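Structure file query_22.csv (CSV, C-alpha atoms) is printed below.
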```csv
chain,number,residue,atom,x,y,z
A,1,MET,CA,83.4,96.8,247.8
A,2,THR,CA,84.3,93.1,247.5
A,3,ASN,CA,84.1,91.3,244.3
A,4,PRO,CA,81.6,88.5,244.2
A,5,GLN,CA,83.1,85.0,244.3
A,6,PRO,CA,82.6,83.0,241.1
A,7,ILE,CA,80.1,80.2,241.3
A,8,THR,CA,81.9,76.8,241.4
A,9,LEU,CA,80.7,74.6,238.6
A,10,ASP,CA,80.7,71.0,239.9
A,11,GLY,CA,80.0,68.8,236.9
A,12,ALA,CA,78.5,65.9,238.9
A,13,GLU,CA,76.2,68.1,240.8
A,14,LEU,CA,75.2,69.9,237.6
A,15,LEU,CA,74.3,66.6,235.9
A,16,ASP,CA,72.4,65.6,239.0
A,17,ALA,CA,70.3,68.8,238.6
A,18,VAL,CA,69.7,68.1,234.9
A,19,GLU,CA,68.6,64.6,235.7
A,20,HIS,CA,66.3,65.8,238.5
A,21,PHE,CA,64.8,68.4,236.1
A,22,HIS,CA,63.9,65.6,233.7
A,23,ARG,CA,62.4,63.4,236.5
A,24,ARG,CA,60.0,66.2,237.5
A,25,PHE,CA,58.3,66.1,234.1
A,26,ASN,CA,59.3,62.8,232.4
A,27,VAL,CA,58.8,59.2,233.2
A,28,PHE,CA,61.4,57.2,231.3
A,29,PRO,CA,61.3,53.4,231.1
A,30,THR,CA,64.6,52.8,232.9
A,31,GLU,CA,67.1,54.4,235.1
A,32,ALA,CA,69.6,54.1,232.2
A,33,ALA,CA,67.4,56.4,230.2
A,34,TYR,CA,67.6,59.2,232.7
A,35,VAL,CA,71.4,58.9,232.7
A,36,ALA,CA,71.6,58.8,228.9
A,37,VAL,CA,69.3,61.8,228.3
A,38,ALA,CA,71.1,64.0,230.9
A,39,LEU,CA,74.5,63.2,229.3
A,40,TRP,CA,73.0,63.9,225.9
A,41,ASP,CA,71.8,67.3,227.0
A,42,ALA,CA,75.3,68.1,228.2
A,43,HIS,CA,77.1,66.7,225.2
A,44,ALA,CA,75.2,69.2,223.0
A,45,HIS,CA,77.2,72.0,224.7
A,46,LEU,CA,80.5,70.2,223.9
A,47,LEU,CA,79.8,69.2,220.3
A,48,ASP,CA,83.1,70.6,218.9
A,49,CYS,CA,85.0,68.1,221.1
A,50,PHE,CA,83.7,65.0,219.4
A,51,ASP,CA,84.0,63.2,216.1
A,52,SER,CA,80.4,62.0,216.2
A,53,THR,CA,77.1,62.9,217.9
A,54,PRO,CA,74.5,60.4,218.7
A,55,ARG,CA,70.9,61.0,217.8
A,56,LEU,CA,68.5,60.9,220.7
A,57,ALA,CA,65.3,59.0,219.8
A,58,PHE,CA,62.1,59.0,221.9
A,59,LEU,CA,59.9,56.3,220.4
A,60,SER,CA,56.7,54.6,221.4
A,61,PRO,CA,54.1,52.3,219.8
A,62,GLU,CA,51.2,54.4,220.9
A,63,PRO,CA,50.4,58.1,221.4
A,64,GLY,CA,50.3,59.6,224.9
A,65,SER,CA,53.6,58.1,226.0
A,66,GLY,CA,55.4,61.3,226.9
A,67,LYS,CA,57.6,61.6,223.9
A,68,SER,CA,56.8,65.2,223.0
A,69,ARG,CA,57.1,66.3,226.7
A,70,ALA,CA,60.5,64.7,226.8
A,71,LEU,CA,61.5,66.7,223.7
A,72,GLU,CA,60.1,69.9,225.3
A,73,VAL,CA,62.3,69.4,228.4
A,74,VAL,CA,65.4,68.7,226.3
A,75,GLU,CA,64.6,71.9,224.3
A,76,THR,CA,65.1,74.0,227.4
A,77,LEU,CA,68.5,72.5,228.2
A,78,VAL,CA,70.4,72.5,224.9
A,79,PRO,CA,72.1,75.3,223.0
A,80,ARG,CA,70.3,77.2,220.2
A,81,SER,CA,67.3,74.8,220.1
A,82,MET,CA,65.5,74.6,216.8
A,83,ALA,CA,62.1,72.9,216.7
A,84,ALA,CA,61.8,71.3,213.2
A,85,VAL,CA,58.4,69.6,213.0
A,86,ASP,CA,57.9,70.5,209.4
A,87,ALA,CA,61.2,71.9,208.4
A,88,SER,CA,62.5,71.1,204.9
A,89,ALA,CA,65.9,69.5,204.3
A,90,ALA,CA,67.0,72.7,202.6
A,91,ALA,CA,66.1,74.8,205.6
A,92,LEU,CA,68.0,72.4,207.9
A,93,PHE,CA,71.1,72.5,205.6
A,94,ARG,CA,71.2,76.3,205.8
A,95,SER,CA,70.6,76.4,209.6
A,96,VAL,CA,73.4,73.9,210.4
A,97,ALA,CA,75.7,75.9,208.1
A,98,GLY,CA,75.2,78.8,210.5
A,99,LEU,CA,73.6,81.1,207.9
A,100,ASP,CA,71.1,82.3,210.6
A,101,GLY,CA,73.7,82.6,213.3
A,102,GLY,CA,75.1,79.6,215.1
A,103,ARG,CA,74.7,75.9,214.7
A,104,PRO,CA,71.4,74.7,216.2
A,105,THR,CA,70.4,71.7,218.2
A,106,ILE,CA,67.6,70.3,216.1
A,107,LEU,CA,64.5,68.9,217.8
A,108,PHE,CA,62.2,66.9,215.5
A,109,ASP,CA,58.9,65.9,216.9
A,110,GLU,CA,56.4,63.6,215.1
A,111,ILE,CA,59.3,62.1,213.1
A,112,ASP,CA,56.9,59.3,212.1
A,113,THR,CA,55.2,61.8,209.7
A,114,VAL,CA,58.5,61.9,207.9
A,115,PHE,CA,59.6,58.3,207.9
A,116,GLY,CA,56.3,56.5,208.8
A,117,PRO,CA,54.7,53.9,206.5
A,118,LYS,CA,52.4,56.5,204.9
A,119,ALA,CA,55.0,59.2,204.5
A,120,GLY,CA,56.8,57.8,201.5
A,121,ASP,CA,60.5,58.2,201.0
A,122,ASN,CA,62.3,61.3,202.3
A,123,GLU,CA,65.9,60.5,201.3
A,124,GLN,CA,67.2,64.1,201.6
A,125,LEU,CA,66.3,64.3,205.3
A,126,ARG,CA,67.4,60.8,205.9
A,127,GLY,CA,70.7,61.6,204.3
A,128,PHE,CA,71.0,64.8,206.4
A,129,LEU,CA,70.4,62.9,209.7
A,130,ASN,CA,72.8,60.2,208.7
A,131,ALA,CA,75.6,62.5,207.5
A,132,GLY,CA,75.3,64.8,210.5
A,133,HIS,CA,76.2,62.1,212.9
A,134,THR,CA,79.9,62.4,211.9
A,135,ARG,CA,82.1,65.4,211.9
A,136,GLY,CA,83.3,66.6,208.5
A,137,ARG,CA,80.4,65.2,206.4
A,138,VAL,CA,79.2,67.7,203.9
A,139,MET,CA,75.9,67.6,202.0
A,140,TYR,CA,76.4,69.0,198.4
A,141,ARG,CA,73.6,70.8,196.7
A,142,CYS,CA,73.2,73.0,193.6
A,143,VAL,CA,72.4,76.6,194.5
A,144,GLY,CA,71.5,79.5,192.2
A,145,ASP,CA,68.9,80.4,189.6
A,146,GLY,CA,68.3,78.6,186.3
A,147,ALA,CA,71.5,77.9,184.5
A,148,ASN,CA,73.6,79.9,187.0
A,149,GLN,CA,73.9,77.1,189.5
A,150,GLN,CA,76.9,76.1,191.5
A,151,VAL,CA,77.7,73.2,193.7
A,152,GLN,CA,77.9,74.2,197.3
A,153,GLY,CA,78.7,72.0,200.3
A,154,PHE,CA,76.7,72.4,203.5
A,155,PRO,CA,78.0,71.2,206.9
A,156,SER,CA,75.7,68.7,208.5
A,157,PHE,CA,77.3,67.9,211.9
A,158,CYS,CA,74.9,68.9,214.6
A,159,ALA,CA,73.0,67.4,217.6
A,160,VAL,CA,69.6,66.0,216.8
A,161,ALA,CA,66.8,64.7,219.0
A,162,VAL,CA,63.6,63.2,217.6
A,163,ALA,CA,60.3,61.8,218.9
A,164,GLY,CA,57.7,59.7,217.1
A,165,LEU,CA,55.5,56.7,216.9
A,166,GLY,CA,56.9,53.3,215.7
A,167,SER,CA,60.4,53.1,214.6
A,168,LEU,CA,63.0,54.9,212.4
A,169,PRO,CA,65.0,53.9,209.3
A,170,ASP,CA,67.7,51.4,210.3
A,171,THR,CA,70.5,53.8,209.3
A,172,ILE,CA,69.2,56.3,211.9
A,173,LEU,CA,68.4,53.8,214.6
A,174,THR,CA,72.0,52.5,214.6
A,175,ARG,CA,73.2,56.1,215.2
A,176,SER,CA,70.8,56.7,218.1
A,177,VAL,CA,70.4,56.4,221.8
A,178,ILE,CA,66.9,54.9,221.8
A,179,ILE,CA,64.5,55.6,224.6
A,180,ARG,CA,61.3,53.5,224.2
A,181,MET,CA,58.7,55.5,226.0
A,182,ARG,CA,55.6,54.0,227.6
A,183,ARG,CA,52.3,55.5,228.8
A,184,ARG,CA,52.5,56.4,232.5
A,185,ALA,CA,51.1,53.9,235.0
A,186,ARG,CA,48.5,55.1,237.5
A,187,ASN,CA,51.1,55.3,240.2
A,188,GLU,CA,53.6,57.3,238.1
A,189,LYS,CA,53.2,61.0,238.7
A,190,VAL,CA,54.9,64.0,237.2
A,191,GLU,CA,54.6,67.8,237.6
A,192,PRO,CA,52.6,69.7,235.0
A,193,PHE,CA,55.0,71.4,232.6
A,194,ARG,CA,54.2,75.1,232.7
A,195,THR,CA,55.9,76.9,229.8
A,196,ARG,CA,55.9,80.3,231.5
A,197,ILE,CA,57.6,78.9,234.6
A,198,HIS,CA,59.7,75.9,233.7
A,199,VAL,CA,61.2,77.0,230.4
A,200,ALA,CA,63.1,79.7,232.4
A,201,GLU,CA,64.2,77.1,234.9
A,202,GLY,CA,65.5,74.8,232.2
A,203,ASN,CA,67.2,77.7,230.5
A,204,ALA,CA,69.0,78.5,233.7
A,205,LEU,CA,70.4,75.0,233.8
A,206,ARG,CA,71.3,75.3,230.1
A,207,ASP,CA,73.4,78.4,230.9
A,208,ARG,CA,75.1,76.5,233.7
A,209,LEU,CA,75.8,73.6,231.3
A,210,ALA,CA,77.3,76.0,228.8
A,211,ALA,CA,79.5,77.6,231.5
A,212,TRP,CA,80.7,74.2,232.7
A,213,ALA,CA,81.4,73.0,229.2
A,214,GLU,CA,83.8,75.9,228.7
A,215,THR,CA,85.8,74.8,231.7
A,216,VAL,CA,86.2,71.2,230.6
A,217,GLN,CA,86.4,71.7,226.8
A,218,GLU,CA,90.1,70.9,226.5
A,219,GLU,CA,89.9,67.9,228.8
A,220,VAL,CA,86.9,66.4,226.8
A,221,ALA,CA,88.4,67.2,223.4
A,222,GLY,CA,91.5,65.1,224.3
A,223,ALA,CA,89.7,62.3,225.9
A,224,TYR,CA,89.3,58.8,224.5
A,225,PRO,CA,87.3,57.1,227.2
A,226,GLU,CA,87.4,53.4,228.0
A,227,LEU,CA,84.1,51.9,226.9
A,228,PRO,CA,82.5,48.8,228.5
A,229,GLU,CA,83.6,45.5,227.2
A,230,GLY,CA,81.8,44.4,224.0
A,231,VAL,CA,80.8,48.0,223.0
A,232,ALA,CA,82.4,48.6,219.6
A,233,ASP,CA,81.8,49.8,216.1
A,234,ARG,CA,78.7,51.9,215.7
A,235,PRO,CA,77.5,51.6,219.4
A,236,ALA,CA,81.0,52.9,220.4
A,237,ASP,CA,80.5,55.9,218.1
A,238,VAL,CA,77.2,56.6,219.8
A,239,TRP,CA,78.4,56.3,223.4
A,240,GLU,CA,81.9,57.6,223.3
A,241,PRO,CA,80.8,61.3,223.6
A,242,LEU,CA,78.4,60.6,226.4
A,243,ILE,CA,80.9,58.7,228.4
A,244,ALA,CA,83.5,61.4,227.9
A,245,VAL,CA,81.1,63.9,229.4
A,246,ALA,CA,80.5,61.6,232.3
A,247,ASP,CA,84.2,61.2,233.0
A,248,ALA,CA,84.7,65.0,232.9
A,249,ALA,CA,81.8,65.4,235.4
A,250,GLY,CA,83.2,62.9,237.8
A,251,GLY,CA,81.4,61.7,240.9
A,252,ASP,CA,79.2,58.7,240.3
A,253,TRP,CA,78.6,59.6,236.6
A,254,PRO,CA,81.4,57.5,235.0
A,255,ARG,CA,80.0,54.3,236.6
A,256,ARG,CA,76.4,55.2,235.9
A,257,ALA,CA,77.2,56.1,232.3
A,258,ARG,CA,78.9,52.8,231.6
A,259,GLU,CA,76.1,50.9,233.2
A,260,ALA,CA,73.6,52.8,231.1
A,261,CYS,CA,75.6,52.2,228.0
A,262,LEU,CA,75.5,48.4,228.5
A,263,THR,CA,71.8,48.5,229.3
A,264,LEU,CA,70.7,50.5,226.4
A,265,VAL,CA,73.1,48.9,223.8
A,266,LYS,CA,71.8,45.5,224.9
A,267,ALA,CA,68.2,46.6,224.6
A,268,SER,CA,68.8,48.0,221.2
A,269,GLN,CA,70.3,44.7,220.0
A,270,VAL,CA,67.3,42.8,221.4
A,271,ASN,CA,64.9,45.0,219.6
A,272,ASP,CA,67.0,45.3,216.5
A,273,LYS,CA,65.0,44.1,213.5
A,274,ALA,CA,67.1,46.0,211.1
A,275,SER,CA,68.2,43.0,209.0
A,276,LEU,CA,65.9,40.2,208.1
A,277,GLY,CA,69.0,38.5,206.6
A,278,ILE,CA,70.8,38.5,210.0
A,279,ARG,CA,67.6,37.1,211.6
A,280,LEU,CA,67.6,34.3,209.0
A,281,LEU,CA,71.3,33.5,209.6
A,282,THR,CA,70.8,33.4,213.3
A,283,ASP,CA,67.7,31.2,213.2
A,284,LEU,CA,69.5,28.8,210.9
A,285,ARG,CA,72.4,28.6,213.4
A,286,ASP,CA,70.3,28.4,216.6
A,287,HIS,CA,67.2,26.5,215.5
A,288,VAL,CA,67.8,24.6,212.3
A,289,LEU,CA,71.3,23.4,211.6
A,290,ILE,CA,72.0,22.1,215.1
A,291,GLY,CA,73.8,18.8,215.4
A,292,VAL,CA,73.8,18.3,211.6
A,293,ASP,CA,76.3,19.5,209.0
A,294,LYS,CA,73.7,19.8,206.2
A,295,LEU,CA,70.0,19.8,205.5
A,296,PRO,CA,67.8,19.8,202.4
A,297,THR,CA,66.0,23.0,201.6
A,298,VAL,CA,62.6,21.4,202.2
A,299,ALA,CA,63.6,20.5,205.8
A,300,ILE,CA,65.1,23.9,206.4
A,301,LEU,CA,61.9,25.6,205.3
A,302,ASP,CA,59.8,23.3,207.4
A,303,ARG,CA,61.8,24.2,210.5
A,304,LEU,CA,61.9,27.9,209.8
A,305,ASN,CA,58.2,28.2,209.1
A,306,ALA,CA,57.4,26.3,212.2
A,307,LEU,CA,59.3,28.6,214.5
A,308,ASP,CA,57.2,30.6,217.0
A,309,ASP,CA,57.7,34.3,217.2
A,310,ALA,CA,59.5,34.3,213.8
A,311,PRO,CA,58.5,36.1,210.6
A,312,TRP,CA,59.1,33.2,208.2
A,313,ALA,CA,55.6,31.8,208.1
A,314,ASP,CA,54.2,35.2,207.0
A,315,LEU,CA,56.4,37.3,204.8
A,316,ASP,CA,54.1,39.7,203.0
A,317,GLY,CA,51.3,37.2,203.4
A,318,ARG,CA,53.2,34.1,202.2
A,319,PRO,CA,55.6,31.7,203.9
A,320,LEU,CA,59.3,31.7,203.1
A,321,ASP,CA,59.9,29.6,200.0
A,322,SER,CA,63.0,28.1,198.4
A,323,ARG,CA,63.3,31.0,195.9
A,324,ARG,CA,63.4,33.7,198.6
A,325,LEU,CA,65.6,31.6,200.8
A,326,SER,CA,68.1,31.3,198.0
A,327,ARG,CA,67.9,35.0,197.2
A,328,MET,CA,68.5,36.0,200.8
A,329,LEU,CA,71.4,33.7,201.5
A,330,SER,CA,73.1,34.6,198.3
A,331,GLN,CA,73.8,38.1,199.6
A,332,TYR,CA,76.3,36.5,202.0
A,333,VAL,CA,79.4,34.6,201.1
A,334,THR,CA,81.3,31.5,202.2
A,335,ALA,CA,84.8,31.6,203.7
A,336,ASP,CA,86.1,31.3,200.2
A,337,GLY,CA,84.2,34.4,199.0
A,338,ASP,CA,81.6,32.6,197.0
A,339,PRO,CA,77.9,33.4,197.4
A,340,ILE,CA,76.1,31.0,199.7
A,341,ALA,CA,74.1,28.6,197.5
A,342,SER,CA,72.4,25.3,197.7
A,343,ARG,CA,74.2,22.1,196.9
A,344,ASN,CA,73.2,18.5,196.2
A,345,ILE,CA,72.5,16.4,199.3
A,346,ARG,CA,71.8,12.7,199.1
A,347,THR,CA,68.8,11.6,201.2
A,348,ALA,CA,66.7,8.5,201.7
A,349,GLY,CA,64.4,9.8,199.1
A,350,GLY,CA,67.0,10.6,196.5
A,351,VAL,CA,69.2,13.6,195.8
A,352,LEU,CA,67.8,17.0,197.0
A,353,LYS,CA,69.1,20.6,197.0
A,354,GLY,CA,70.1,21.9,200.4
A,355,TYR,CA,72.6,23.9,202.4
A,356,HIS,CA,75.7,23.0,204.3
A,357,ALA,CA,76.6,24.4,207.7
A,358,GLU,CA,80.3,24.9,206.6
A,359,ASP,CA,79.1,27.3,203.9
A,360,LEU,CA,77.3,29.4,206.5
A,361,HIS,CA,79.9,29.4,209.2
A,362,ASP,CA,81.8,32.5,208.1
A,363,ALA,CA,78.6,34.5,207.8
A,364,TRP,CA,77.5,33.3,211.3
A,365,THR,CA,80.8,34.5,212.7
A,366,ARG,CA,80.7,37.9,211.1
A,367,TYR,CA,77.0,38.9,211.3
A,368,CYS,CA,75.2,37.0,214.1
A,369,PRO,CA,75.1,37.8,217.8
A,370,PRO,CA,76.8,35.4,220.1
A,371,PRO,CA,75.0,32.0,220.3
A,372,PRO,CA,72.9,31.3,223.4
A,373,GLU,CA,74.7,29.7,226.3
A,374,SER,CA,72.4,26.7,226.5
A,375,ALA,CA,72.1,24.4,223.5
A,376,LEU,CA,68.9,24.8,221.6
A,377,HIS,CA,67.0,21.8,220.2
A,378,PRO,CA,66.1,22.0,216.5
A,379,LEU,CA,62.5,21.4,215.4
A,380,GLN,CA,61.9,18.1,213.7
A,381,PRO,CA,61.4,18.3,209.9
A,382,LEU,CA,58.0,17.5,208.6
A,383,HIS,CA,59.4,15.4,205.7
A,384,PRO,CA,61.2,12.3,207.0
A,385,SER,CA,62.4,11.4,203.5
A,386,SER,CA,64.3,14.7,203.5
A,387,GLN,CA,66.8,13.6,206.1
A,388,PRO,CA,70.3,13.4,204.7
A,389,VAL,CA,72.0,10.0,204.8
A,390,SER,CA,75.7,9.2,205.2
A,391,VAL,CA,77.5,8.1,202.0
```
As a first step, turn the structure in this file into structure tokens.
Amino acid sequence: MTNPQPITLDGAELLDAVEHFHRRFNVFPTEAAYVAVALWDAHAHLLDCFDSTPRLAFLSPEPGSGKSRALEVVETLVPRSMAAVDASAAALFRSVAGLDGGRPTILFDEIDTVFGPKAGDNEQLRGFLNAGHTRGRVMYRCVGDGANQQVQGFPSFCAVAVAGLGSLPDTILTRSVIIRMRRRARNEKVEPFRTRIHVAEGNALRDRLAAWAETVQEEVAGAYPELPEGVADRPADVWEPLIAVADAAGGDWPRRAREACLTLVKASQVNDKASLGIRLLTDLRDHVLIGVDKLPTVAILDRLNALDDAPWADLDGRPLDSRRLSRMLSQYVTADGDPIASRNIRTAGGVLKGYHAEDLHDAWTRYCPPPPESALHPLQPLHPSSQPVSV
């Protein structure tokens, strides 16, 4: 009797199969999304090789956009999946600590019910999701009864995928691969997902991913993949594990992974509304203080509040005023380390308070995205007397 030949595990072919499985049931907004999600599924099997694990976030502005279905398909492909729609932070601590046997991959549907505008604060869960992005972070809690309590550290490092309406807290968004789902168009067709049939098919792929992961574990653990130019800091933490998986798989996946990285990182930066302060600094650089070295506060406010597609004319029902402008800019500092503040500017109408471009330059360099290639033209101020004059 001859021994059966072992099945060859080709990483590229396997990732192709995982991607195809998603395409049968999910309509993602871009090709980059299919690449990223397939790599994320695989990375969950190699978690011990990485220093960080990106969160996978399926988000949409409206229901019926396929977020939950995407999470269902992911659930069939990852190790020890744990659906956590209404799980408490304490339950998640204990699960990730392995008290119930093995570290899970957490799948959190309807995450907007936790972090949405009507959900209130949920700092324990937010802290868990943030800390678990990085290896070695421990969540400390008091355990025991009454006065007999002791401080115990719970590991938090685990793979997490979420789905929900709207957005997420900024600290989670920056740790995530973001897939912005849309409702299917009439010409976009998918197979119905039949739990009794397709869960088993997904689980078969999951088992192949697990077997392949064992064969490349040492290679991936020692890898520090070259990232696309310009991908650094937090985006690099997010994408390094996925690109390491692609490099181990070979074939066309290293190229596709880097292209997907650039596409999704750029998209996240375009949609990033995390910091109103950075938006203020950027608008001051690109639309207000162009071709001038200083402007009075009244002229700056006129120009900001006149910008289309900008939040300044309606901040909580009121336009940006000098008090709030001062408070926001004072959070940043000049090149000398002093808080940015208004200074006297001599104008045709007298001496007014205003801001100097030189005071903002250091903050522009550190916080703002690169300026547009073509020069922008500033809006004209509504107060001619506020124009600075040479002295």
Gap from atom CA of A:Gly337 to atom CA of A:Arg175 - Å, one decimal:
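Distance between the two atoms: 29.2 Å.
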Contact table stretch 241-359 of chain A vs stretch 46-64 of chain A, cut-off 9 Å, shortest pair per residue, only C-alpha atoms, as a tab-separated table:
```
residue	atom	partner	partner_atom	distance
A:Pro241	CA	A:Phe50	CA	6.3
A:Leu242	CA	A:Pro54	CA	8.6
A:Val245	CA	A:Leu46	CA	8.4
```
Would you put the residues from that selection into a file with C-alpha atoms, as a short mmCIF file (atom, residue, chain, number, x, y, z; two decimals), keeping the file's coordinate frame?
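Now in part20.cif:
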```cif
data_model
loop_
_atom_site.label_atom_id
_atom_site.label_comp_id
_atom_site.auth_asym_id
_atom_site.auth_seq_id
_atom_site.Cartn_x
_atom_site.Cartn_y
_atom_site.Cartn_z
CA PRO A 241 80.80 61.30 223.60
CA LEU A 242 78.40 60.60 226.40
CA VAL A 245 81.10 63.90 229.40
#
```
When you look at stretch 196-207 of chain A with a cut-off of 6 Å (counting all atoms listed in the file), what residues show up, excluding the ones that are within fewer than 5 positions of it in the same chain? I need them as a PyMOL selection string.
chain A and resi 76-78
Counting only C-alpha atoms, find residues at most 6 Å from (71.1, 67.8, 232.9) (file frame) and give them as a PyMOL selection string.
chain A and resi 15+17-19+38+41
Using all atoms listed in the file, determine which residues lie at most 8 Å from A:His356, disregarding the query and same-chain residues fewer than 2 positions distant; provide the list as a PyMOL selection string.
chain A and resi 293-295+342-343+354+358-360
Grab the residues selected above and save them as a PDB file, in the coordinates of the input with C-alpha atoms.
```pdb
ATOM      1  CA  ASP A 293      76.300  19.500 209.000  1.00  0.00           C
ATOM      2  CA  LYS A 294      73.700  19.800 206.200  1.00  0.00           C
ATOM      3  CA  LEU A 295      70.000  19.800 205.500  1.00  0.00           C
ATOM      4  CA  SER A 342      72.400  25.300 197.700  1.00  0.00           C
ATOM      5  CA  ARG A 343      74.200  22.100 196.900  1.00  0.00           C
ATOM      6  CA  GLY A 354      70.100  21.900 200.400  1.00  0.00           C
ATOM      7  CA  GLU A 358      80.300  24.900 206.600  1.00  0.00           C
ATOM      8  CA  ASP A 359      79.100  27.300 203.900  1.00  0.00           C
ATOM      9  CA  LEU A 360      77.300  29.400 206.500  1.00  0.00           C
TER      10      LEU A 360
END
```
When you draw a straight line from atom CA of A:Ala341 to atom CA of A:Leu320, how long is it in Å?
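We find that atom CA of A:Ala341 and atom CA of A:Leu320 lie 16.1 Å from each other.
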Nearest candidate to A:Trp40 (options A:Trp212, A:Phe93, A:Trp239, A:Phe128; using only C-alpha atoms):
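Closest residue, counting only C-alpha atoms: A:Trp239.
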Selected residue of minimal separation from A:Thr105 among A:Ala313, A:Ala163, A:Cys158, A:Ala299, counting all atoms listed in the file:
A:Cys158
Could you state the separation of atom CA of A:Arg103 and atom CA of A:Trp253 in Å, given to one decimal place?
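We find that atom CA of A:Arg103 and atom CA of A:Trp253 lie 27.6 Å from each other.
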Name all residues at most 12 Å from A:Gly251 (count only C-alpha atoms; drop same-chain ones fewer than 4 positions away) and give them as a list in words.
Asp10, Gly11, Ala12, Glu13, Leu14, Leu15, Asp16, Val245, Ala246, Asp247, Arg255, Arg256 and Ala257 of chain A
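Here the question is which of A:Cys368, A:Asp302, A:Asp316, A:Lys67 gets nearest to A:Arg184 using only C-alpha atoms, and that residue is A:Lys67.
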Which of these, A:Thr282, A:Gln269, A:Asn130, A:Thr334, has the shortest distance to A:Tyr367 once you count all atoms listed in the file?
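Smallest distance to A:Tyr367 is found for A:Thr282.
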Here is a test: counting only C-alpha atoms, which residue of A:Val292, A:Leu281, A:Val35, A:Ala211 is nearest to A:Leu304?
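Looking only at the distances to A:Leu304, the closest residue turns out to be A:Leu281.
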Which one of A:Arg324, A:Arg208, A:His43, A:Arg137 sits closest to A:Val160 if you count only C-alpha atoms?
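For A:Val160, the nearest of the candidates is A:His43.
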Leaving out A:Glu110 and any residue of its chain fewer than 2 positions from it, which residues lie within 12 Å of it when counting all atoms listed in the file, given as a PyMOL selection string?
chain A and resi 57-60+63+67-69+71+83-87+107-108+112-116+119+161-168
Quick one: residues within 8 Å of (81.0, 33.6, 204.3) (file frame), counting all atoms listed in the file, please, as a ChimeraX atom specification.
/A:332-340,359-364
Keeping only C-alpha atoms, write the selected residues as a PDB file, keeping the file's coordinate frame.
```pdb
ATOM      1  CA  TYR A 332      76.300  36.500 202.000  1.00  0.00           C
ATOM      2  CA  VAL A 333      79.400  34.600 201.100  1.00  0.00           C
ATOM      3  CA  THR A 334      81.300  31.500 202.200  1.00  0.00           C
ATOM      4  CA  ALA A 335      84.800  31.600 203.700  1.00  0.00           C
ATOM      5  CA  ASP A 336      86.100  31.300 200.200  1.00  0.00           C
ATOM      6  CA  GLY A 337      84.200  34.400 199.000  1.00  0.00           C
ATOM      7  CA  ASP A 338      81.600  32.600 197.000  1.00  0.00           C
ATOM      8  CA  PRO A 339      77.900  33.400 197.400  1.00  0.00           C
ATOM      9  CA  ILE A 340      76.100  31.000 199.700  1.00  0.00           C
ATOM     10  CA  ASP A 359      79.100  27.300 203.900  1.00  0.00           C
ATOM     11  CA  LEU A 360      77.300  29.400 206.500  1.00  0.00           C
ATOM     12  CA  HIS A 361      79.900  29.400 209.200  1.00  0.00           C
ATOM     13  CA  ASP A 362      81.800  32.500 208.100  1.00  0.00           C
ATOM     14  CA  ALA A 363      78.600  34.500 207.800  1.00  0.00           C
ATOM     15  CA  TRP A 364      77.500  33.300 211.300  1.00  0.00           C
TER      16      TRP A 364
END
```
